[in-house]
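Chemist: File name protein.txt; file contents compact mmCIF, C-alpha atoms; full text below.
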```txt
# COMPACT_ATOMS: atom_id res chain seq x y z
CA MET A 1 -9.22 71.98 44.53
CA CYS A 2 -10.64 71.10 47.92
CA VAL A 3 -11.41 74.71 48.71
CA ALA A 4 -14.68 75.45 50.49
CA VAL A 5 -16.08 78.90 51.19
CA PRO A 6 -18.36 79.97 54.04
CA LEU A 7 -21.74 81.26 52.86
CA LYS A 8 -24.89 82.27 54.74
CA VAL A 9 -28.11 80.48 53.88
CA ILE A 10 -30.92 82.93 53.11
CA LYS A 11 -33.56 80.65 51.55
CA VAL A 12 -34.23 76.91 51.61
CA THR A 13 -36.38 75.05 49.06
CA GLY A 14 -36.25 71.27 49.52
CA ASN A 15 -32.71 70.09 48.79
CA MET A 16 -31.68 73.41 47.32
CA ALA A 17 -30.88 76.71 48.99
CA ILE A 18 -29.81 80.24 48.19
CA ALA A 19 -26.69 81.26 50.07
CA GLU A 20 -24.80 84.50 50.02
CA LEU A 21 -21.64 86.25 51.00
CA GLU A 22 -21.31 90.02 50.93
CA GLY A 23 -24.35 90.46 48.70
CA ILE A 24 -23.41 87.84 46.11
CA SER A 25 -25.90 85.00 46.15
CA LYS A 26 -25.65 81.53 44.75
CA GLU A 27 -27.88 78.50 44.38
CA ILE A 28 -26.43 75.55 46.30
CA SER A 29 -27.49 72.02 47.17
CA ILE A 30 -27.95 71.16 50.83
CA ALA A 31 -28.48 67.45 50.19
CA LEU A 32 -25.30 66.63 52.16
CA THR A 33 -26.31 68.87 55.09
CA PRO A 34 -30.09 68.41 55.45
CA GLU A 35 -30.10 69.95 58.95
CA VAL A 36 -29.33 73.38 57.53
CA SER A 37 -31.89 76.15 57.91
CA VAL A 38 -32.16 79.83 57.02
CA GLY A 39 -29.59 81.94 58.86
CA ASP A 40 -27.01 79.16 59.16
CA TRP A 41 -23.49 79.48 57.85
CA VAL A 42 -22.26 76.63 55.69
CA LEU A 43 -19.01 75.62 54.02
CA VAL A 44 -19.69 75.27 50.30
CA HIS A 45 -17.60 73.15 47.95
CA ALA A 46 -18.40 72.71 44.24
CA GLY A 47 -21.99 73.86 44.68
CA TYR A 48 -22.76 71.70 47.71
CA ALA A 49 -22.86 72.65 51.37
CA ILE A 50 -20.55 70.10 53.03
CA GLN A 51 -20.74 71.32 56.64
CA ARG A 52 -22.86 73.59 58.77
CA ILE A 53 -20.41 75.80 60.57
CA ASP A 54 -20.81 75.64 64.29
CA ASN A 55 -20.37 79.17 65.54
CA GLU A 56 -19.35 77.97 68.97
CA GLU A 57 -16.54 75.87 67.49
CA ALA A 58 -15.42 78.81 65.41
CA ARG A 59 -15.43 81.08 68.47
CA GLU A 60 -13.33 78.53 70.34
CA THR A 61 -10.65 78.76 67.70
CA VAL A 62 -10.59 82.50 68.18
CA ARG A 63 -10.42 82.06 71.96
CA PHE A 64 -7.51 79.65 71.56
CA LEU A 65 -5.66 82.25 69.55
CA GLU A 66 -6.36 84.92 72.15
CA GLU A 67 -5.23 82.69 75.00
CA LEU A 68 -2.07 81.84 73.16
CA TYR A 69 -1.49 85.50 72.54
CA GLU A 70 -2.01 86.38 76.20
CA ALA A 71 0.21 83.52 77.37
CA ASN A 72 2.93 84.77 75.12
CA SER A 73 2.59 88.39 76.18
CA LYS A 74 3.32 87.66 79.83
CA MET B 75 -16.47 84.89 59.48
CA LYS B 76 -12.84 85.04 58.60
CA GLN B 77 -10.51 85.41 61.52
CA THR B 78 -7.24 87.03 60.73
CA ALA B 79 -4.42 87.41 63.16
CA ASN B 80 -2.29 90.50 63.35
CA LYS B 81 1.45 90.60 62.81
CA ARG B 82 2.22 90.50 66.54
CA GLN B 83 0.12 87.38 67.00
CA LEU B 84 1.87 85.73 64.06
CA ALA B 85 5.27 86.70 65.47
CA LYS B 86 4.31 85.12 68.80
CA LEU B 87 3.24 81.92 67.06
CA ILE B 88 6.53 81.80 65.16
CA GLN B 89 8.36 82.23 68.50
CA GLN B 90 6.39 79.26 69.84
CA VAL B 91 7.45 77.18 66.86
CA GLU B 92 11.08 78.22 67.43
CA ARG B 93 10.83 77.27 71.09
CA LEU B 94 9.37 73.84 70.33
CA ALA B 95 11.65 73.02 67.37
CA PRO B 96 14.27 70.46 68.39
CA ALA B 97 17.80 71.83 68.35
CA ASP B 98 19.49 68.59 67.43
CA LYS B 99 17.63 67.29 64.40
CA PRO B 100 15.59 68.52 61.47
CA LEU B 101 11.88 67.71 61.33
CA ASN B 102 10.04 66.97 58.11
CA ILE B 103 6.45 68.16 58.25
CA MET B 104 4.33 67.36 55.21
CA GLU B 105 1.07 68.89 54.08
CA VAL B 106 -1.13 67.00 51.65
CA CYS B 107 -3.57 69.63 50.43
CA GLY B 108 -3.24 71.95 47.46
CA ALA B 109 -4.77 74.80 49.45
CA HIS B 110 -2.09 74.35 52.13
CA THR B 111 0.61 74.31 49.43
CA MET B 112 -0.71 77.63 48.15
CA ALA B 113 -1.18 79.16 51.60
CA ILE B 114 2.32 78.20 52.75
CA GLY B 115 3.88 79.47 49.52
CA LYS B 116 2.00 82.74 49.63
CA SER B 117 2.68 83.43 53.30
CA GLY B 118 6.45 83.05 52.90
CA LEU B 119 6.40 80.84 56.03
CA ARG B 120 9.31 78.69 54.82
CA GLN B 121 11.60 81.72 55.06
CA LEU B 122 10.31 82.66 58.51
CA LEU B 123 10.56 79.30 60.26
CA PRO B 124 13.68 77.82 61.86
CA ASP B 125 15.91 75.98 59.36
CA ASN B 126 15.33 72.62 60.99
CA ILE B 127 11.57 72.74 60.36
CA ARG B 128 11.16 71.58 56.77
CA LEU B 129 7.69 72.08 55.29
CA LEU B 130 7.15 69.57 52.48
CA SER B 131 4.32 69.50 49.94
CA GLY B 132 3.02 65.98 49.41
CA PRO B 133 0.47 64.55 46.99
CA GLY B 134 -2.27 67.00 47.91
CA CYS B 135 -3.36 68.10 44.48
CA PRO B 136 -5.74 65.55 42.94
CA VAL B 137 -5.32 67.05 39.50
CA CYS B 138 -1.54 66.75 39.68
CA VAL B 139 -1.72 63.04 40.50
CA THR B 140 -4.14 62.17 37.68
CA HIS B 141 -2.23 59.59 35.68
CA ASP B 142 -1.11 59.96 32.06
CA CYS B 143 -3.03 56.88 31.02
CA GLU B 144 -6.31 58.29 32.39
CA ILE B 145 -5.74 61.58 30.62
CA GLU B 146 -5.29 59.77 27.30
CA VAL B 147 -8.63 58.04 27.89
CA TYR B 148 -10.62 61.23 28.37
CA LEU B 149 -8.80 63.02 25.53
CA GLU B 150 -9.93 60.16 23.29
CA LEU B 151 -13.50 60.56 24.59
CA ALA B 152 -13.35 64.29 23.93
CA ARG B 153 -12.65 63.56 20.25
CA GLN B 154 -15.93 61.67 19.86
CA ARG B 155 -18.51 63.78 18.08
CA ASN B 156 -21.46 63.03 20.33
CA VAL B 157 -19.56 63.66 23.58
CA ILE B 158 -19.49 66.79 25.71
CA ILE B 159 -16.80 66.69 28.39
CA ALA B 160 -17.84 68.51 31.55
CA THR B 161 -14.94 69.23 33.88
CA PHE B 162 -13.67 71.39 36.70
CA GLY B 163 -11.33 74.01 35.26
CA ASP B 164 -8.28 72.53 37.00
CA LEU B 165 -8.05 69.62 34.55
CA LEU B 166 -8.06 71.75 31.39
CA ARG B 167 -4.32 72.22 31.05
CA VAL B 168 -3.01 68.91 32.37
CA PRO B 169 -0.99 67.35 29.53
CA GLY B 170 -1.31 63.69 28.59
CA LYS B 171 1.47 61.46 27.36
CA LYS B 172 1.93 63.25 24.07
CA GLY B 173 1.82 66.68 25.65
CA SER B 174 -1.69 67.63 24.58
CA SER B 175 -4.42 68.64 27.02
CA LEU B 176 -8.19 69.14 27.12
CA ALA B 177 -7.60 72.80 26.27
CA ASP B 178 -5.77 71.69 23.11
CA ALA B 179 -8.58 69.28 22.27
CA ARG B 180 -11.08 72.11 22.67
CA GLY B 181 -8.98 74.22 20.29
CA GLN B 182 -9.32 71.39 17.78
CA GLY B 183 -13.10 71.37 18.02
CA ALA B 184 -13.85 69.05 20.94
CA LYS B 185 -16.77 70.10 23.12
CA VAL B 186 -15.35 70.77 26.57
CA SER B 187 -17.44 72.61 29.10
CA VAL B 188 -15.93 73.95 32.32
CA VAL B 189 -18.38 73.66 35.20
CA TYR B 190 -18.25 74.83 38.79
CA SER B 191 -20.41 72.03 40.09
CA THR B 192 -21.89 68.68 39.07
CA LEU B 193 -25.25 70.49 39.31
CA ASP B 194 -24.16 72.42 36.20
CA ALA B 195 -23.06 69.21 34.45
CA LEU B 196 -26.53 67.72 35.00
CA LYS B 197 -28.13 70.87 33.58
CA LEU B 198 -25.85 70.51 30.56
CA ALA B 199 -27.04 66.92 30.05
CA LYS B 200 -30.69 67.99 30.26
CA LYS B 201 -30.09 70.78 27.76
CA ASN B 202 -28.34 68.48 25.26
CA PRO B 203 -30.45 65.31 25.07
CA GLY B 204 -28.79 64.18 21.83
CA LYS B 205 -25.28 64.27 23.35
CA GLU B 206 -23.47 62.21 25.95
CA VAL B 207 -22.22 64.38 28.82
CA VAL B 208 -19.13 62.85 30.45
CA PHE B 209 -18.21 64.43 33.77
CA LEU B 210 -14.58 64.05 34.82
CA GLY B 211 -14.83 63.20 38.50
CA ALA B 212 -11.49 64.35 39.88
CA GLY B 213 -10.84 65.18 43.50
CA PHE B 214 -10.40 63.77 46.98
CA GLU B 215 -13.01 62.96 49.60
CA THR B 216 -14.20 66.59 49.64
CA THR B 217 -15.41 66.41 46.05
CA ALA B 218 -16.48 62.75 45.83
CA PRO B 219 -19.84 63.22 47.65
CA THR B 220 -20.86 66.03 45.29
CA VAL B 221 -20.11 63.78 42.32
CA ALA B 222 -21.90 60.84 43.93
CA MET B 223 -24.96 63.07 44.47
CA SER B 224 -25.03 63.88 40.75
CA VAL B 225 -25.12 60.16 39.91
CA ILE B 226 -27.97 59.60 42.37
CA GLN B 227 -29.85 62.60 40.99
CA ALA B 228 -29.31 61.46 37.38
CA GLN B 229 -30.77 58.06 38.26
CA GLU B 230 -33.71 59.55 40.16
CA GLU B 231 -34.55 61.96 37.36
CA GLY B 232 -33.93 59.44 34.58
CA ILE B 233 -31.17 61.51 32.95
CA GLU B 234 -29.63 58.86 30.72
CA ASN B 235 -27.07 60.86 28.76
CA PHE B 236 -24.89 61.59 31.81
CA SER B 237 -21.97 59.56 33.10
CA VAL B 238 -18.97 60.03 35.38
CA TYR B 239 -15.39 59.10 34.55
CA SER B 240 -14.13 58.57 38.08
CA LEU B 241 -10.59 59.75 38.76
CA HIS B 242 -11.26 60.14 42.47
CA LYS B 243 -8.45 59.54 44.93
CA LEU B 244 -8.43 58.95 48.69
CA VAL B 245 -6.08 60.64 51.15
CA PRO B 246 -5.48 58.07 53.96
CA PRO B 247 -4.24 55.30 51.57
CA VAL B 248 -1.67 57.59 49.98
CA LEU B 249 -0.41 58.68 53.41
CA GLU B 250 0.10 55.02 54.24
CA ALA B 251 1.85 54.40 50.90
CA LEU B 252 4.24 57.25 51.71
CA LEU B 253 5.00 55.87 55.16
CA LEU B 254 5.67 52.40 53.72
CA ASP B 255 8.29 53.88 51.37
CA LYS B 256 11.67 53.47 53.07
CA GLU B 257 13.11 56.53 51.35
CA VAL B 258 10.43 58.80 52.77
CA LYS B 259 11.21 60.64 55.99
CA ILE B 260 8.21 62.35 57.54
CA ASP B 261 7.78 63.24 61.21
CA GLY B 262 4.29 64.66 61.09
CA PHE B 263 1.44 65.66 58.82
CA ILE B 264 -0.46 68.90 58.44
CA LEU B 265 -3.68 67.08 57.55
CA PRO B 266 -6.12 68.52 55.02
CA GLY B 267 -8.97 70.71 56.26
CA HIS B 268 -11.89 70.07 53.94
CA VAL B 269 -11.09 66.42 53.20
CA SER B 270 -11.41 65.99 56.96
CA THR B 271 -14.71 67.90 56.98
CA ILE B 272 -16.02 64.79 55.24
CA ILE B 273 -13.97 61.93 56.75
CA GLY B 274 -13.40 63.22 60.31
CA VAL B 275 -10.54 62.01 62.52
CA GLU B 276 -10.96 58.23 62.61
CA PRO B 277 -9.38 57.38 59.21
CA TYR B 278 -6.12 59.00 60.39
CA TYR B 279 -5.74 57.05 63.64
CA PHE B 280 -3.39 54.57 61.96
CA LEU B 281 -0.80 57.35 61.54
CA ALA B 282 -0.06 57.44 65.27
CA ARG B 283 -1.08 53.89 66.13
CA GLU B 284 0.87 52.04 63.45
CA TYR B 285 3.53 54.52 62.32
CA HIS B 286 4.01 56.74 65.39
CA LYS B 287 3.50 59.91 63.33
CA ALA B 288 1.99 63.18 64.49
CA GLY B 289 -1.03 64.68 62.71
CA VAL B 290 -3.04 67.88 63.00
CA ILE B 291 -6.07 68.72 60.82
CA THR B 292 -5.35 72.31 59.98
CA GLY B 293 -7.11 75.36 58.53
CA PHE B 294 -5.87 77.59 55.75
CA GLU B 295 -4.98 80.98 57.20
CA THR B 296 -1.35 81.64 58.06
CA HIS B 297 -2.19 81.63 61.77
CA ASP B 298 -4.02 78.30 61.35
CA ILE B 299 -0.94 76.72 59.81
CA LEU B 300 1.31 78.13 62.54
CA GLN B 301 -1.10 76.91 65.23
CA GLY B 302 -1.15 73.51 63.54
CA LEU B 303 2.65 73.46 63.59
CA VAL B 304 2.74 74.38 67.28
CA MET B 305 0.36 71.47 67.99
CA LEU B 306 2.43 69.08 65.84
CA LEU B 307 5.68 70.10 67.50
CA GLY B 308 4.03 69.61 70.89
CA GLN B 309 3.03 66.05 69.96
CA ILE B 310 6.55 65.33 68.71
CA ARG B 311 8.29 66.89 71.71
CA GLU B 312 6.12 64.93 74.16
CA ASP B 313 6.50 61.78 72.04
CA ASN B 314 2.72 61.55 72.03
CA PRO B 315 1.59 61.34 68.40
CA CYS B 316 -2.18 61.54 67.86
CA VAL B 317 -4.73 63.20 65.58
CA GLU B 318 -5.76 66.67 66.70
CA ILE B 319 -8.06 69.20 65.06
CA GLN B 320 -6.79 72.74 64.80
CA TYR B 321 -9.44 73.65 62.17
CA ARG B 322 -12.31 73.35 64.61
CA GLY B 323 -14.56 75.80 62.80
CA GLY B 324 -14.69 73.54 59.74
CA VAL B 325 -14.15 69.98 60.95
CA LEU B 326 -16.14 67.89 63.40
CA PRO B 327 -14.45 64.78 64.83
CA ARG B 328 -17.10 62.59 63.22
CA GLY B 329 -16.83 64.37 59.85
CA ASN B 330 -19.97 64.43 57.70
CA PRO B 331 -21.58 60.96 57.95
CA ILE B 332 -24.25 61.77 55.36
CA ALA B 333 -21.61 62.68 52.79
CA ARG B 334 -19.75 59.44 53.55
CA GLN B 335 -22.97 57.42 53.11
CA VAL B 336 -23.54 59.09 49.75
CA ILE B 337 -19.99 58.22 48.65
CA ALA B 338 -20.42 54.60 49.79
CA ARG B 339 -23.76 54.26 48.02
CA VAL B 340 -22.32 55.19 44.62
CA PHE B 341 -18.63 54.32 44.85
CA GLU B 342 -16.45 51.52 46.13
CA PRO B 343 -12.71 51.69 46.88
CA ALA B 344 -10.48 50.48 44.06
CA ASP B 345 -6.76 50.33 43.32
CA ALA B 346 -5.69 53.52 41.57
CA TRP B 347 -2.72 54.80 39.60
CA TRP B 348 -1.14 58.01 40.88
CA ARG B 349 1.06 60.07 38.65
CA GLY B 350 4.57 59.98 40.07
CA LEU B 351 3.67 57.41 42.74
CA GLY B 352 2.37 54.39 40.80
CA LEU B 353 -0.35 51.94 41.81
CA ILE B 354 -1.67 52.34 45.36
CA PRO B 355 -4.07 49.70 46.72
CA LYS B 356 -7.63 50.87 47.43
CA SER B 357 -6.67 54.50 46.95
CA GLY B 358 -9.32 55.38 44.38
CA LEU B 359 -13.09 55.19 43.92
CA ARG B 360 -14.95 53.35 41.18
CA ILE B 361 -18.67 53.42 40.51
CA ARG B 362 -20.62 50.47 41.90
CA GLU B 363 -22.30 47.96 39.61
CA SER B 364 -25.73 49.23 40.71
CA PHE B 365 -24.96 52.56 38.99
CA ARG B 366 -23.19 51.05 35.95
CA ASN B 367 -25.31 53.08 33.50
CA TYR B 368 -23.64 56.20 34.89
CA ASP B 369 -20.10 54.83 34.76
CA THR B 370 -18.28 56.21 31.70
CA ARG B 371 -15.89 53.24 31.74
CA LYS B 372 -18.76 50.79 31.30
CA LYS B 373 -20.88 52.97 29.03
CA PHE B 374 -18.02 53.45 26.56
CA ASN B 375 -16.40 50.01 27.11
CA ILE B 376 -13.11 51.52 28.20
CA PRO B 377 -10.64 48.76 29.03
CA GLU B 378 -8.43 48.89 32.11
CA PRO B 379 -5.28 50.75 31.03
CA HIS B 380 -2.55 48.33 29.88
CA PRO B 381 0.55 48.26 32.14
CA ASP B 382 2.70 49.42 29.23
CA ASP B 383 0.64 52.56 29.13
CA LYS B 384 1.57 53.41 32.66
CA GLU B 385 5.15 54.47 32.10
CA GLU B 386 5.73 58.05 33.06
CA SER B 387 6.01 60.44 30.16
CA ASN B 388 9.24 62.11 31.20
CA LYS B 389 12.03 60.30 32.98
CA ILE B 390 13.96 63.39 34.09
CA CYS B 391 10.94 64.92 35.83
CA ALA B 392 11.37 64.50 39.60
CA CYS B 393 7.69 64.89 40.50
CA GLY B 394 7.55 61.40 42.03
CA ASP B 395 10.30 62.25 44.52
CA ILE B 396 8.86 65.72 45.09
CA LEU B 397 5.41 64.30 45.94
CA LYS B 398 7.12 62.02 48.47
CA GLY B 399 9.09 64.88 50.01
CA ILE B 400 12.41 63.26 49.02
CA LYS B 401 13.33 66.18 46.77
CA LEU B 402 12.40 69.85 46.78
CA PRO B 403 11.12 71.35 43.50
CA GLN B 404 14.31 73.32 42.91
CA GLU B 405 16.30 70.07 43.09
CA CYS B 406 14.69 68.91 39.83
CA ARG B 407 16.84 69.55 36.75
CA LEU B 408 13.82 70.74 34.78
CA PHE B 409 12.44 73.17 37.39
CA GLY B 410 12.21 76.75 36.13
CA ARG B 411 14.04 75.88 32.92
CA ALA B 412 12.35 73.25 30.75
CA CYS B 413 9.41 73.11 33.17
CA THR B 414 7.45 76.26 34.03
CA PRO B 415 3.76 76.97 34.70
CA LEU B 416 3.35 78.07 31.07
CA ASN B 417 5.09 74.95 29.79
CA PRO B 418 4.62 72.30 32.45
CA VAL B 419 6.40 68.96 32.03
CA GLY B 420 5.36 67.29 35.25
CA PRO B 421 2.14 67.13 37.22
CA CYS B 422 3.38 69.32 40.09
CA MET B 423 3.83 72.27 37.73
CA VAL B 424 0.49 71.88 35.97
CA SER B 425 -2.01 73.05 38.55
CA SER B 426 -1.50 76.23 40.54
CA GLU B 427 -1.90 73.99 43.61
CA GLY B 428 1.02 71.78 42.63
CA ALA B 429 4.18 71.89 44.73
CA CYS B 430 6.40 73.02 41.84
CA ALA B 431 3.96 75.68 40.62
CA ALA B 432 3.68 77.11 44.13
CA TYR B 433 7.46 77.14 44.57
CA TYR B 434 7.90 78.74 41.16
CA ARG B 435 5.41 81.43 41.96
CA PHE B 436 6.34 82.26 45.52
CA THR B 437 10.02 81.57 46.13
CA GLU B 438 13.27 83.20 45.18
CA ASN B 439 14.39 80.08 43.34
CA GLY B 440 11.36 80.19 41.10
CA GLY B 441 10.64 82.80 38.48
CA GLY B 442 7.84 84.74 40.14
CA TRP B 443 9.47 85.78 43.40
CA ASN B 444 7.63 89.07 43.72
CA GLU B 445 4.15 87.75 43.27
CA GLY B 446 3.64 86.54 46.78
CA ARG B 447 5.04 89.57 48.52
```
Kindly transcribe the structure held in the file into structure tokens.

Modeler:
Amino acid sequence: MCVAVPLKVIKVTGNMAIAELEGISKEISIALTPEVSVGDWVLVHAGYAIQRIDNEEARETVRFLEELYEANSK
Amino acid sequence: MKQTANKRQLAKLIQQVERLAPADKPLNIMEVCGAHTMAIGKSGLRQLLPDNIRLLSGPGCPVCVTHDCEIEVYLELARQRNVIIATFGDLLRVPGKKGSSLADARGQGAKVSVVYSTLDALKLAKKNPGKEVVFLGAGFETTAPTVAMSVIQAQEEGIENFSVYSLHKLVPPVLEALLLDKEVKIDGFILPGHVSTIIGVEPYYFLAREYHKAGVITGFETHDILQGLVMLLGQIREDNPCVEIQYRGGVLPRGNPIARQVIARVFEPADAWWRGLGLIPKSGLRIRESFRNYDTRKKFNIPEPHPDDKEESNKICACGDILKGIKLPQECRLFGRACTPLNPVGPCMVSSEGACAAYYRFTENGGGWNEGR
């Protein structure tokens, strides 16, 4: 129920936006994430963007995994 | 965007869990998110982890915990000729006290429209000015701001034939209710990802501060859950419970303050009935007086459910104990026999995100063992 999917914002019109993933686009509301602009990735739940995804944070998660992997390989 | 780990990385993470798992006592780790229930079931993690790490599925499916007495209310609404029920698909099959569901009501002529978003429910109201559109607002903190936004939008645009029947539930109060139950034994929580996207870390601080329990806000991939477990076991081993974020791509420590403001503008906390768990103080959301025209309860003069109406529909069903992690699904006498996903008796079998449904689908003890392989 609380599933949210990452989509990329390709157009912003006021509180609404068009976001897409792999060519499928969808109209969403960005009223809960007004800072969002074209090119941003957002987590979308029930038609609303609930969080702009910070790429740096996402990369850190990947780095953590890699570090863990390296630490374990030694 | 999606990061997936390879088998070797997963094997290393499992080794880490094995290394951190205490040898002398079992640990009960509970998740409280339907998406975690599904992810854990599908991954087969329970079979791969050491025996003394028990992964329990708590009350993480808001549909499953919608109470009988609330279901009877909206089934009654659905029978009114001028009403269109707009709902997320999850609620369609949940049976009320007499075993009938919204899907049954629709079969008997009720107008029930499945929507993906409250934006669609508002469009439905605009398209049907002669009808009353009642949106069933089910869900945790992730969903509540989207429903609150629809109420604000309806007021701003003067859409008068739209109202919300709020069934919303809140996660931190139910965690506290579990910890206050003497029968419940939980050492740490895999905390929900997208609920936390909204509420952030602060509402969970009481877990460590007052109950000395570990907590990690965790993502939904198998490697996320394993990483979350490694972090939880670290907290437990060092006797240093706190709230950590594993799911850093989706959750900021402060959460989403705008979404919380939107919730607080439209809703206020209220005592709520949970199926299988009973009345939990301030664990639900009701619409504020300033938006009373959009509150289905007030618009249709629905009385507070009478206490007699709150008895559970089936006494053998063990869903209450399963939601608390006291029993596993296969320890219920009905599981897989009288109660299956096609013929659910209890709330945990109704939604695919329920603990029993996930066990049924993905484990050897259930009927659909092969599906998750």

Chemist: By how many Å are CA of Ser357 (chain B) and CA of Asp345 (chain B) apart?

Modeler: 5.5 Å

Chemist: For a quick check of understanding, using only C-alpha atoms, which of B:Glu295, B:Glu146, B:Glu215, B:Glu363 has the smallest distance to chain A?

Modeler: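 Nearest to chain A: B:Glu215.
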
Chemist: When you look at Arg52 (chain A) with a cut-off of 8 Å (counting all atoms listed in the file), what residues show up, excluding the ones that are within fewer than 2 positions of it in the same chain? I need them as number ranges by chain.

Modeler: A: 33, 36, 40-43, 49-50, 54

Chemist: Between CA of Ile145 (chain B) and CA of Ala431 (chain B), what is the spacing in Å?

Modeler: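 That distance, rounded to one decimal, is 19.8 Å.
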
Chemist: If you count only C-alpha atoms, which residues fall within 7 Å of Ala333 (chain B), apart from same-chain ones fewer than 2 positions away, as a list in words?

Modeler: Leu32 of chain A; Pro219, Ile272, Asn330, Pro331, Gln335, Val336 and Ile337 of chain B

Chemist: Go ahead and write the residues just picked, C-alpha atoms, as a PDB file, in the frame of the given file.

Modeler:
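Okay, part17.pdb is ready:
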```pdb
ATOM      1  CA  LEU A  32     -25.300  66.630  52.160  1.00  0.00           C
TER       2      LEU A  32
ATOM      3  CA  PRO B 219     -19.840  63.220  47.650  1.00  0.00           C
ATOM      4  CA  ILE B 272     -16.020  64.790  55.240  1.00  0.00           C
ATOM      5  CA  ASN B 330     -19.970  64.430  57.700  1.00  0.00           C
ATOM      6  CA  PRO B 331     -21.580  60.960  57.950  1.00  0.00           C
ATOM      7  CA  GLN B 335     -22.970  57.420  53.110  1.00  0.00           C
ATOM      8  CA  VAL B 336     -23.540  59.090  49.750  1.00  0.00           C
ATOM      9  CA  ILE B 337     -19.990  58.220  48.650  1.00  0.00           C
TER      10      ILE B 337
END
```

Chemist: As an exercise, work out the distance from CA of Leu119 (chain B) to CA of Leu306 (chain B) in Å and give it to one decimal place.

Modeler: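 CA of Leu119 (chain B) sits 15.8 Å away from CA of Leu306 (chain B).
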
Chemist: Could you name the residues that touch Phe280 (chain B) at 9 Å or less, counting only C-alpha atoms, but leaving out those on the same chain fewer than 5 positions away, as a list in words?

Modeler: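 So, after excluding close chain neighbours, the residues are Pro246, Glu250, Tyr285, His286 and Lys287 of chain B.
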